[in-house]
Amino acid sequence: MPRFGQIFSAALAAALLWGGAAHAQSTIRIGLDAESYPPFFSKAPDGKWVGWEIDLLGAVCRQLGADCPITEIAWDGLIPSLQQNRIDLIWSSMTITGERRQVIDFTAPYHGSETLFIGPKEDATKVDCAQPDSFSGKVIGVQAGTNHSAFVEARFTGKAEIKTYDKLDNALADLTAGRVDYVQESKGTLGHFLASAEGADFEVKSICPADPVLGEGVGGGLRKGDDALRETVSGAIRAVVQSGEWDAITAKYPGLSEAITKPQ
């Protein structure tokens with residue numbers, strides 16, 4: 001299969017330059033984490049992927065006039081799959097960080113979200129993300145291989161016990177079972193848990209201040225050098241935001257507008 005490169009990307013860029021959606025038909029192969037991550041993406045009973053991020057992807061691809069088939073890939077395999085030319089664009093709630101920028105490029109962000117620690121409502125301990133010593137003697141759960149685990153391991157090693165999980169759902173299961181004291185993740189994701197029946201006995205314990213390790217928002221990941229594709233997808237993201245479609249999509253998911261921030 002020919003690589004989606006300069007020829008198709010230049011055509012898309014030209015279409016955007018002249019205003020409106022691109023009309024050239026092309027294919028952008030999308031990589032999505034195989035594990036559900038509601039409300040951003042999850043697999044419906046019929047096997048189709050649904051959620052805010054899937055809706056936004058649809059809007060961006062319509063703006064580009066592109067076909068965007070999704071390939072499910074384990075989280076740790078997303079960047080290698082991109083580098084091996086199996087996919088063209090990672091669209092999977094991937095946070096833009098300096099470390100990731102060393103190996104891949106990113107589109108413009110399509111949302112931002114604060115980072116939280118959550119724990120039991122009955123826990124009276126006063127913890128502060130900016131003061132790791134306040135977590136002394138506690139157990140923190142976090143998903144491995146994420147910017148959140150990098151932050152926790154860099155700041156909290158030696159201050160608290162850290163347990164990493166292959167899936168956030170497993171960390172939350174241990175939280176509800178009392179095997180960890182706190183779980184750290186983005187507000188967008190943890191807000192969904194807190195609003196569920198399983199999360200009724202838990203609350204936000206601390207909000208983390210901005211930090212380079214926690215990233216610059218969520219964007220689409222691309223191969224180094226795919227500059228034309230980066231510019232055209234970024235342009236489509238901006239067009240979806242400016243048209244009001246970003247707001248309309250977000251409004252379909254109760255509470256999400258308070259959990260994520262719209263790109264400027």
# chains A, B, ... in the order shown; residues from 1 in each chain; ligands from 1
>>> residues_around(residues="Gly98 (chain A)", least_positions_apart="5", cutoff="12 Å", atoms="only C-alpha atoms", output="PyMOL selection string")
chain A and resi 103-106+147+150+211-217
>>> write_last_selection(atoms="N, CA, C and O atoms", output="mmCIF file, in the first residue's frame")
data_model
loop_
_atom_site.group_PDB
_atom_site.id
_atom_site.type_symbol
_atom_site.label_atom_id
_atom_site.label_comp_id
_atom_site.auth_asym_id
_atom_site.auth_seq_id
_atom_site.Cartn_x
_atom_site.Cartn_y
_atom_site.Cartn_z
ATOM 1 N N VAL A 103 10.003 11.292 19.281
ATOM 2 C CA VAL A 103 9.884 10.152 18.364
ATOM 3 C C VAL A 103 8.743 10.292 17.354
ATOM 4 O O VAL A 103 8.770 9.651 16.297
ATOM 5 N N ILE A 104 7.729 11.127 17.654
ATOM 6 C CA ILE A 104 6.635 11.350 16.706
ATOM 7 C C ILE A 104 6.269 12.829 16.710
ATOM 8 O O ILE A 104 6.695 13.586 17.586
ATOM 9 N N ASP A 105 5.482 13.230 15.718
ATOM 10 C CA ASP A 105 4.927 14.577 15.678
ATOM 11 C C ASP A 105 3.470 14.538 16.113
ATOM 12 O O ASP A 105 2.870 13.459 16.213
ATOM 13 N N PHE A 106 2.890 15.717 16.337
ATOM 14 C CA PHE A 106 1.502 15.818 16.764
ATOM 15 C C PHE A 106 0.757 16.874 15.958
ATOM 16 O O PHE A 106 1.339 17.864 15.514
ATOM 17 N N ASN A 147 1.697 9.367 30.363
ATOM 18 C CA ASN A 147 2.343 10.532 30.952
ATOM 19 C C ASN A 147 2.016 10.634 32.435
ATOM 20 O O ASN A 147 2.811 11.157 33.228
ATOM 21 N N ALA A 150 4.479 8.434 34.251
ATOM 22 C CA ALA A 150 5.780 9.093 34.233
ATOM 23 C C ALA A 150 5.845 10.187 35.297
ATOM 24 O O ALA A 150 6.853 10.338 36.000
ATOM 25 N N ASP A 211 2.279 20.947 34.330
ATOM 26 C CA ASP A 211 3.626 20.381 34.413
ATOM 27 C C ASP A 211 4.015 19.867 33.028
ATOM 28 O O ASP A 211 3.183 19.261 32.345
ATOM 29 N N PRO A 212 5.260 20.069 32.588
ATOM 30 C CA PRO A 212 5.667 19.596 31.260
ATOM 31 C C PRO A 212 5.456 18.102 31.056
ATOM 32 O O PRO A 212 5.125 17.669 29.950
ATOM 33 N N VAL A 213 5.630 17.303 32.116
ATOM 34 C CA VAL A 213 5.458 15.855 31.986
ATOM 35 C C VAL A 213 4.001 15.514 31.708
ATOM 36 O O VAL A 213 3.701 14.550 30.990
ATOM 37 N N LEU A 214 3.086 16.298 32.266
ATOM 38 C CA LEU A 214 1.664 16.039 32.065
ATOM 39 C C LEU A 214 1.168 16.503 30.697
ATOM 40 O O LEU A 214 0.055 16.176 30.300
ATOM 41 N N GLY A 215 2.004 17.259 29.989
ATOM 42 C CA GLY A 215 1.730 17.503 28.585
ATOM 43 C C GLY A 215 1.018 18.795 28.253
ATOM 44 O O GLY A 215 0.737 19.628 29.117
ATOM 45 N N GLU A 216 0.731 18.914 26.944
ATOM 46 C CA GLU A 216 0.195 20.145 26.368
ATOM 47 C C GLU A 216 -1.201 19.941 25.786
ATOM 48 O O GLU A 216 -1.606 20.641 24.860
ATOM 49 N N GLY A 217 -1.923 18.975 26.279
ATOM 50 C CA GLY A 217 -3.225 18.645 25.713
ATOM 51 C C GLY A 217 -3.147 17.360 24.912
ATOM 52 O O GLY A 217 -2.093 16.736 24.786
#
>>> select_by_dssp(residues="region 26-151 of chain A", states="helix (DSSP H, G or I)", output="ChimeraX atom specification")
/A:52-64,75-83,98-101,132-135,147-151
>>> write_last_selection(atoms="N, CA and C atoms", output="short mmCIF file (atom, residue, chain, number, x, y, z; two decimals), in the first residue's frame")
data_model
loop_
_atom_site.label_atom_id
_atom_site.label_comp_id
_atom_site.auth_asym_id
_atom_site.auth_seq_id
_atom_site.Cartn_x
_atom_site.Cartn_y
_atom_site.Cartn_z
N TRP A 52 -16.99 10.18 22.25
CA TRP A 52 -16.68 11.56 21.88
C TRP A 52 -15.55 11.63 20.86
N GLU A 53 -14.50 10.88 21.11
CA GLU A 53 -13.33 10.95 20.23
C GLU A 53 -13.64 10.37 18.85
N ILE A 54 -14.50 9.37 18.80
CA ILE A 54 -14.91 8.78 17.52
C ILE A 54 -15.77 9.78 16.75
N ASP A 55 -16.67 10.46 17.44
CA ASP A 55 -17.50 11.48 16.80
C ASP A 55 -16.63 12.62 16.25
N LEU A 56 -15.65 13.04 17.05
CA LEU A 56 -14.78 14.12 16.61
C LEU A 56 -13.94 13.69 15.41
N LEU A 57 -13.45 12.46 15.44
CA LEU A 57 -12.70 11.93 14.30
C LEU A 57 -13.56 11.96 13.04
N GLY A 58 -14.82 11.56 13.17
CA GLY A 58 -15.72 11.59 12.02
C GLY A 58 -15.87 12.98 11.45
N ALA A 59 -15.97 13.97 12.34
CA ALA A 59 -16.12 15.36 11.89
C ALA A 59 -14.86 15.84 11.17
N VAL A 60 -13.70 15.48 11.71
CA VAL A 60 -12.43 15.88 11.10
C VAL A 60 -12.27 15.22 9.73
N CYS A 61 -12.60 13.94 9.64
CA CYS A 61 -12.44 13.23 8.37
C CYS A 61 -13.43 13.73 7.32
N ARG A 62 -14.62 14.11 7.74
CA ARG A 62 -15.56 14.71 6.79
C ARG A 62 -15.04 16.05 6.30
N GLN A 63 -14.43 16.80 7.20
CA GLN A 63 -13.85 18.08 6.81
C GLN A 63 -12.77 17.88 5.75
N LEU A 64 -12.04 16.79 5.84
CA LEU A 64 -10.97 16.49 4.89
C LEU A 64 -11.45 15.72 3.66
N TRP A 75 -2.17 -0.26 23.47
CA TRP A 75 -1.59 1.07 23.71
C TRP A 75 -0.09 1.10 23.42
N ASP A 76 0.66 0.13 23.95
CA ASP A 76 2.11 0.14 23.78
C ASP A 76 2.53 -0.06 22.34
N GLY A 77 1.62 -0.54 21.49
CA GLY A 77 1.96 -0.77 20.10
C GLY A 77 1.60 0.36 19.17
N LEU A 78 0.97 1.43 19.67
CA LEU A 78 0.50 2.50 18.79
C LEU A 78 1.66 3.22 18.10
N ILE A 79 2.63 3.67 18.88
CA ILE A 79 3.75 4.40 18.28
C ILE A 79 4.58 3.49 17.37
N PRO A 80 4.93 2.25 17.79
CA PRO A 80 5.63 1.37 16.85
C PRO A 80 4.86 1.12 15.56
N SER A 81 3.54 0.98 15.64
CA SER A 81 2.73 0.76 14.44
C SER A 81 2.78 1.98 13.51
N LEU A 82 2.79 3.16 14.10
CA LEU A 82 2.93 4.38 13.31
C LEU A 82 4.29 4.41 12.61
N GLN A 83 5.33 4.11 13.35
CA GLN A 83 6.69 4.14 12.79
C GLN A 83 6.89 3.07 11.73
N GLY A 98 6.82 16.32 25.71
CA GLY A 98 8.16 16.50 25.14
C GLY A 98 8.82 15.18 24.83
N GLU A 99 8.63 14.18 25.70
CA GLU A 99 9.24 12.88 25.47
C GLU A 99 8.70 12.24 24.20
N ARG A 100 7.39 12.31 23.99
CA ARG A 100 6.80 11.72 22.79
C ARG A 100 7.19 12.51 21.54
N ARG A 101 7.37 13.83 21.68
CA ARG A 101 7.77 14.64 20.54
C ARG A 101 9.15 14.24 20.00
N PRO A 132 4.42 15.96 47.29
CA PRO A 132 4.43 14.49 47.34
C PRO A 132 4.52 13.92 48.76
N ASP A 133 5.16 14.65 49.68
CA ASP A 133 5.26 14.15 51.05
C ASP A 133 3.90 13.97 51.69
N SER A 134 2.88 14.68 51.21
CA SER A 134 1.54 14.56 51.79
C SER A 134 0.93 13.19 51.49
N PHE A 135 1.52 12.45 50.55
CA PHE A 135 1.03 11.12 50.21
C PHE A 135 1.81 10.01 50.93
N ASN A 147 1.70 9.37 30.36
CA ASN A 147 2.34 10.53 30.95
C ASN A 147 2.02 10.63 32.44
N HIS A 148 0.85 10.09 32.84
CA HIS A 148 0.49 10.10 34.26
C HIS A 148 1.42 9.22 35.08
N SER A 149 1.74 8.03 34.57
CA SER A 149 2.66 7.16 35.31
C SER A 149 4.06 7.78 35.34
N ALA A 150 4.48 8.43 34.25
CA ALA A 150 5.78 9.09 34.23
C ALA A 150 5.85 10.19 35.30
N PHE A 151 4.75 10.94 35.42
CA PHE A 151 4.70 12.01 36.42
C PHE A 151 4.75 11.43 37.84
#
>>> atom_distance(atom1="CA of Asp181 (chain A)", atom2="CA of Pro38 (chain A)")
22.5 Å
>>> closest_residue(among="A:Glu185, A:Asp201, A:Glu161, A:Asp227", to="Ser136 (chain A)", atoms="only C-alpha atoms")
A:Glu161
>>> select_by_dssp(residues="region 183-242 of chain A", states="strand (DSSP E or B)", output="JSON, numbers by chain")
{"A": [183, 184, 185, 186, 202, 203, 204, 205, 206, 207, 218, 221, 222]}
>>> closest_atom_pairs(of="region 127-227 of chain A", to="region 234-254 of chain A", cutoff="10 Å", atoms="only C-alpha atoms", output="CSV")
residue,atom,partner,partner_atom,distance
A:His192,CA,A:Pro254,CA,9.4
A:Ala195,CA,A:Pro254,CA,9.9
A:Gly219,CA,A:Ser234,CA,9.1
A:Gly220,CA,A:Ser234,CA,8.7
>>> residues_around(residues="Gly119 (chain A)", least_positions_apart="3", cutoff="12 Å", atoms="only C-alpha atoms", output="ChimeraX atom specification")
/A:116,122-127,135,138-141,171-172,174-185,190,193-194,199-206
>>> closest_residue(among="A:Pro120, A:Asp226, A:Thr232, A:Tyr110", to="Glu198 (chain A)", atoms="only C-alpha atoms")
A:Pro120
>>> residues_around(residues="Gly191 (chain A)", least_positions_apart="6", cutoff="9 Å", atoms="only C-alpha atoms", output="PyMOL selection string")
chain A and resi 255-256+259
>>> write_last_selection(atoms="all heavy atoms", output="PDB file, in the first residue's frame")
ATOM      1  N   GLY A 255     -21.792  16.328  31.129  1.00  0.00           N
ATOM      2  CA  GLY A 255     -20.701  16.581  32.053  1.00  0.00           C
ATOM      3  C   GLY A 255     -19.341  16.711  31.409  1.00  0.00           C
ATOM      4  O   GLY A 255     -18.383  17.167  32.057  1.00  0.00           O
ATOM      5  N   LEU A 256     -19.206  16.327  30.146  1.00  0.00           N
ATOM      6  CA  LEU A 256     -17.885  16.332  29.529  1.00  0.00           C
ATOM      7  C   LEU A 256     -17.362  17.747  29.307  1.00  0.00           C
ATOM      8  O   LEU A 256     -16.156  17.992  29.398  1.00  0.00           O
ATOM      9  CB  LEU A 256     -17.915  15.560  28.204  1.00  0.00           C
ATOM     10  CG  LEU A 256     -16.542  15.256  27.571  1.00  0.00           C
ATOM     11  CD1 LEU A 256     -15.647  14.480  28.534  1.00  0.00           C
ATOM     12  CD2 LEU A 256     -16.725  14.490  26.267  1.00  0.00           C
ATOM     13  N   ALA A 259     -15.310  18.795  32.017  1.00  0.00           N
ATOM     14  CA  ALA A 259     -14.139  17.963  32.283  1.00  0.00           C
ATOM     15  C   ALA A 259     -13.000  18.208  31.308  1.00  0.00           C
ATOM     16  O   ALA A 259     -11.845  17.921  31.626  1.00  0.00           O
ATOM     17  CB  ALA A 259     -14.530  16.485  32.257  1.00  0.00           C
TER      18      ALA A 259
END
>>> closest_residue(among="A:Met94, A:Cys129, A:Ile70, A:Ile207", to="Phe40 (chain A)", atoms="only C-alpha atoms")
A:Met94
>>> atom_distance(atom1="CA of Thr107 (chain A)", atom2="CA of Leu222 (chain A)")
7.5 Å
